[in-house]
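**Student:** The structure's right below; bear with me while I get my questions together.
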Amino acid sequence: MKTSARVVVIGGGVVGVSTLYHLAKMGWSDVVLIERKELTSGSTWHAAGLLPLFNLSYSVGKLHQYSVDLYPSLEAETDLNVGFSRVSNIRLANSPDRMDEYRYYAGVAKTIGVDVNFLTPEQVHEIWPLAQMDGVLGAIQHPADGYIQPADLTQALAKGARQRGATIMRNTTVTGITQKANGEWVVATDQGDITCEHVVSATGSFARQTGAMVGLDVPVIPVEHQYIVTEQHPAIMERRAKGLPEMGVLRESDSSWYMREEAGGLLLGPYEVGAPACYVKGPAANSEYELFPDALERLEPYILSAIERVPAFGELGIKKVYNGAIAYTPDGSPIVGPAPGLKNFWLNEGHSFGITAAGGAGWQLAHWIVDGEPTIDMMGVDPRRFGTYADEGYLIEKNEEAYAKVFTVHYPDEEREAARPLRQTPCYDRMKKLGAVFGSVFGWERPNWFAPEGYELTDADLDRPETLLNHNHPDVPGAPIREKWSFRRSNYFEHVGNECRHVTEKVGIQDMSAFAKCLISGPGAEEWLGKLLSNAVPKKIGRVALSYLLTPAGGVRSEFTVYKRGPQSYYLVSAGALEQHDHDYLIKALPADGSVKFERLTTAMGVLVLAGPRARDVLAKVTRTDLSNEAFPWLTGKRISIGAAPCDALRVNFIGELGWEFHHPIEMQNYIFDKLMEAGAEFDIKPFGIRAMTSMALEKSYKLIPRELSVEYNALESGLERFISMKKPDFVGRDGLLAKKEAGLSSTLVTLEVLGVTDADARGSEAIYRDGQLVGRATSGGYGWRTAKSLALAMIAPEHANLGTELEISILGTMHKAVVIPDSPFDPENLALRS
């Protein structure tokens, strides 16, 4: 056997083989795949083989699109039939919310180049004559969609990889993985050891066992998935005899199942509530082509629904029930990319739609390994989007939830309930008493908005359709229902507006303790940060700067607030959702000589925000520090006391008002919170949440990762010129910025005022048109309460970015006029911030 390779891929399912194929296709022929049994013997062999293009995630949508484009080409390349039946895919809608979801998705699809057709019930019946259309409002169809034979696809990818020099070792078990002092990996197997530069884990149900070999807690646990294959039906056989086209894949989204033809019969696959996690400790060592006993009692409501929609299904005998493991993550999306804390160890795991995503995931991971960066934004599937909180108990609850909600309406404001409240800041109970309606980010509970005392919704307010899936609100045990999810302006809209107005007119307090926080220190700290980040490093103690970690090509990886807290001591703050992502890049970039130290402070430090025109008046009552503009200007920080509690007060915020962030020892949070609330009582201080913050941030044209800021967009395209110091001779991405500037920008970030809006604002991912031609995509959107305007941020082609240019934006299927306006439509001179 080979004893060395450039890359070792572990796992011979379709995902692992696709990774091998794409590495070889990019010219890395010295690559080896190791499979413990035979190719496909884990979960690939029992997959139903569907190829759903539908996905509201931009990242996952791009992966699926690539796969569906790639698979038909493999036959010409390898002379192997992959069994691709392009029969189209139809998703039914039985509720207005489902139609809104489809309208929103159509915008996402348009921006990534996926064709979507809207069908009437009559058109659906023409394609699917065995289906009844009672209760159907409409449907969408993907004409390029269908299904494939997973084993045939895997063998074609394997042959394509071998043709390019790759090696596949079957019936070889990995027994250990270690890293040498020089960074090389040694993969030990029962057939001998292989030394390599990179390792890719694509081990499906074994993901946690593989990760444990290198000290990783991989956030993947499979869930049981059942599907039923029936005997043949005369009507289907008659259609075949007449040469009629196959009816294709039918998805009854509001009843949580899919159906397609299979060998003259039907195949039904429900996603039921109550499907259990499996292989929690991993499969047995001798596991191969393994299925679980069927549990049809769990499927009864879905089977009855299928019979109601397709009566012919109830006329058929069952030929086979498949109950196999499908890998899941807490949010249902795969994990593709670098493993946290390990150099050159890569993950391609957690694929609940592995057949569809395999091609795209292998494609992008190969780029990441070979080129150092993916070519598309992969933040939605990055392994580092989860933290150490995502351990076994959490994974079981969240992964079972993710499975059960595959077909639920994916509302943009949805907050799923499982495994919550998990991470609570000290002031959680205080916020709860003030009416907080919480959301969750990186496991932390954060107030999204605040409901008035006694406020709750009735069943009539919720107006849920009579379908199996009609969950349109958060369920909090023992708490009233206070929020209804929607793609449109929902019940919380006016309450968020009240919060915005209150902060603008008086003063508000917010808990932002979920921020990622760390301390960079040591004799080499200033020089190291200068070479790593885009902006000049603050020279004077107490100065604050916004800076970015770029890719070599000038794309945006991470955003940091940098506060010089002392000599060679820098406090860095970044997005809470990206803690492991951001900190992993910093840690991996540390110099080997020990001249720079990294200290994680996220859970040690809390953050409270005080903002509004009376913020100075409130703070003055609890501190002796001079708060005047001369003594404490914008973009500075000071060590102050609030009563008896020390904290670092930074004069920054994300809403564009006078205010401070108080970074404090987290155990002192309630003391500080109570002092501020007491001092603010005479000024009518009230809390505000994330939704008010994002509304106000939109009015300032503030940018977010991974919306306006992404590896796909050069930092100059994202409008970050003032946060880039080209005077520095060297920093990561400098050459890429210069090259892009010389070549010309492909996109420009603009602020749009959207006209004619009544009940639905842009959310992000909507298509932007000019004279009927697609010219860009919205990245964020919403309503600005201070400006009384419906607004959007958008990436568009530069020739359409001039102020006053009239464009069109499609919001839930309705075209609205949109005008390019100056950035920061609220307080463009920053008078409030600097007041």
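Going by the structure tokens order, chains are called A, B, ..., each with residues numbered from 1, while ligands are numbered from 1 in the order shown.
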Report as a list in words all protein, DNA and RNA residues lying within 7 Å of range 476-482 of chain A, evaluated on only C-alpha atoms, omitting residues in the same chain fewer than 6 positions from it.

**Tutor:**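 Non-adjacent residues within range: Tyr455, Glu456 and Leu457 of chain A.
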
**Student:** Residues within 8 Å of range 107-119 of chain A, please, as a PyMOL selection string. Count only C-alpha atoms; anything in the same chain fewer than 5 positions from it doesn't count.

**Tutor:** chain A and resi 53+56+58+61-62+65+124+138-144+765-767+776-777+810-812

**Student:** Can you write out as a Markdown table which residues of range 351-407 of chain A fall within 7 Å of range 439-443 of chain A, alongside each residue's closest atom pair and its distance in Å to one decimal, counting only C-alpha atoms and ordering rows by chain and ascending residue number?

**Tutor:**
| residue | atom | partner | partner_atom | distance |
| --- | --- | --- | --- | --- |
| A:Phe386 | CA | A:Phe442 | CA | 6.5 |
| A:Gly387 | CA | A:Phe442 | CA | 6.9 |
| A:Tyr389 | CA | A:Gly443 | CA | 7.0 |

**Student:** From a DSSP pass on the backbone, collect the residues of range 411-511 of chain A flagged as alpha helix (DSSP H) and hand them back as an MDAnalysis selection string.

**Tutor:** chainID A and resid 428:433 459:462 493:505

**Student:** Within 7 Å of Val321 in chain A, counting only C-alpha atoms, which residues qualify if same-chain residues fewer than 5 places away don't, as a PyMOL selection string?

**Tutor:** chain A and resi 226-229+294

**Student:** Find the spatial neighbours of Glu712 in chain A, counting only C-alpha atoms, within a cut-off of 9 Å - ignore same-chain residues fewer than 3 positions away - and output them as a list in words.

**Tutor:**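 That gives Pro374, Thr375, Ile376, Asp377, Gly555, Val556 and Leu709 of chain A.
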
**Student:** Go ahead and dump the residues you just picked, N, CA and C atoms, as a PDB file, in the first residue's frame.

**Tutor:**
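So the final result, stored in part_30.pdb, reads:
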ATOM      1  N   PRO A 374     -12.188  28.955  -0.423  1.00  0.00           N
ATOM      2  CA  PRO A 374     -13.257  28.552  -1.342  1.00  0.00           C
ATOM      3  C   PRO A 374     -13.539  29.674  -2.330  1.00  0.00           C
ATOM      4  N   THR A 375     -14.281  29.366  -3.365  1.00  0.00           N
ATOM      5  CA  THR A 375     -14.612  30.396  -4.357  1.00  0.00           C
ATOM      6  C   THR A 375     -15.977  31.012  -4.108  1.00  0.00           C
ATOM      7  N   ILE A 376     -16.769  30.426  -3.216  1.00  0.00           N
ATOM      8  CA  ILE A 376     -18.065  30.995  -2.857  1.00  0.00           C
ATOM      9  C   ILE A 376     -18.127  31.146  -1.336  1.00  0.00           C
ATOM     10  N   ASP A 377     -19.074  31.940  -0.885  1.00  0.00           N
ATOM     11  CA  ASP A 377     -19.260  32.122   0.549  1.00  0.00           C
ATOM     12  C   ASP A 377     -19.710  30.805   1.174  1.00  0.00           C
ATOM     13  N   GLY A 555     -11.042  39.372  -0.046  1.00  0.00           N
ATOM     14  CA  GLY A 555     -12.371  39.124   0.498  1.00  0.00           C
ATOM     15  C   GLY A 555     -12.355  39.280   2.008  1.00  0.00           C
ATOM     16  N   VAL A 556     -13.526  39.355   2.596  1.00  0.00           N
ATOM     17  CA  VAL A 556     -13.619  39.626   4.038  1.00  0.00           C
ATOM     18  C   VAL A 556     -13.914  38.341   4.797  1.00  0.00           C
ATOM     19  N   LEU A 709     -20.523  41.531   3.787  1.00  0.00           N
ATOM     20  CA  LEU A 709     -19.095  41.207   3.891  1.00  0.00           C
ATOM     21  C   LEU A 709     -18.927  39.701   3.707  1.00  0.00           C
TER      22      LEU A 709
END

**Student:** How close does each residue of range 411-485 of chain A get to range 499-513 of chain A, giving the shortest atom pair and distance in Å to one decimal for every residue with an atom at most 10 Å away, counting only C-alpha atoms, sorted by chain and residue number, as JSON lines?

**Tutor:**
{"residue": "A:Gln424", "atom": "CA", "partner": "A:Ser513", "partner_atom": "CA", "distance": 9.5}
{"residue": "A:Thr425", "atom": "CA", "partner": "A:Ser513", "partner_atom": "CA", "distance": 7.0}
{"residue": "A:Pro426", "atom": "CA", "partner": "A:Ser513", "partner_atom": "CA", "distance": 9.6}
{"residue": "A:Cys427", "atom": "CA", "partner": "A:Asp511", "partner_atom": "CA", "distance": 7.9}
{"residue": "A:Tyr428", "atom": "CA", "partner": "A:Asp511", "partner_atom": "CA", "distance": 8.8}
{"residue": "A:Met431", "atom": "CA", "partner": "A:Asp511", "partner_atom": "CA", "distance": 8.7}
{"residue": "A:Trp444", "atom": "CA", "partner": "A:Ser513", "partner_atom": "CA", "distance": 8.7}
{"residue": "A:Glu445", "atom": "CA", "partner": "A:Ser513", "partner_atom": "CA", "distance": 9.6}
{"residue": "A:Arg446", "atom": "CA", "partner": "A:Asp511", "partner_atom": "CA", "distance": 7.1}
{"residue": "A:Pro447", "atom": "CA", "partner": "A:Asp511", "partner_atom": "CA", "distance": 7.6}
{"residue": "A:Trp449", "atom": "CA", "partner": "A:Glu499", "partner_atom": "CA", "distance": 8.1}
{"residue": "A:Phe450", "atom": "CA", "partner": "A:Glu499", "partner_atom": "CA", "distance": 8.1}
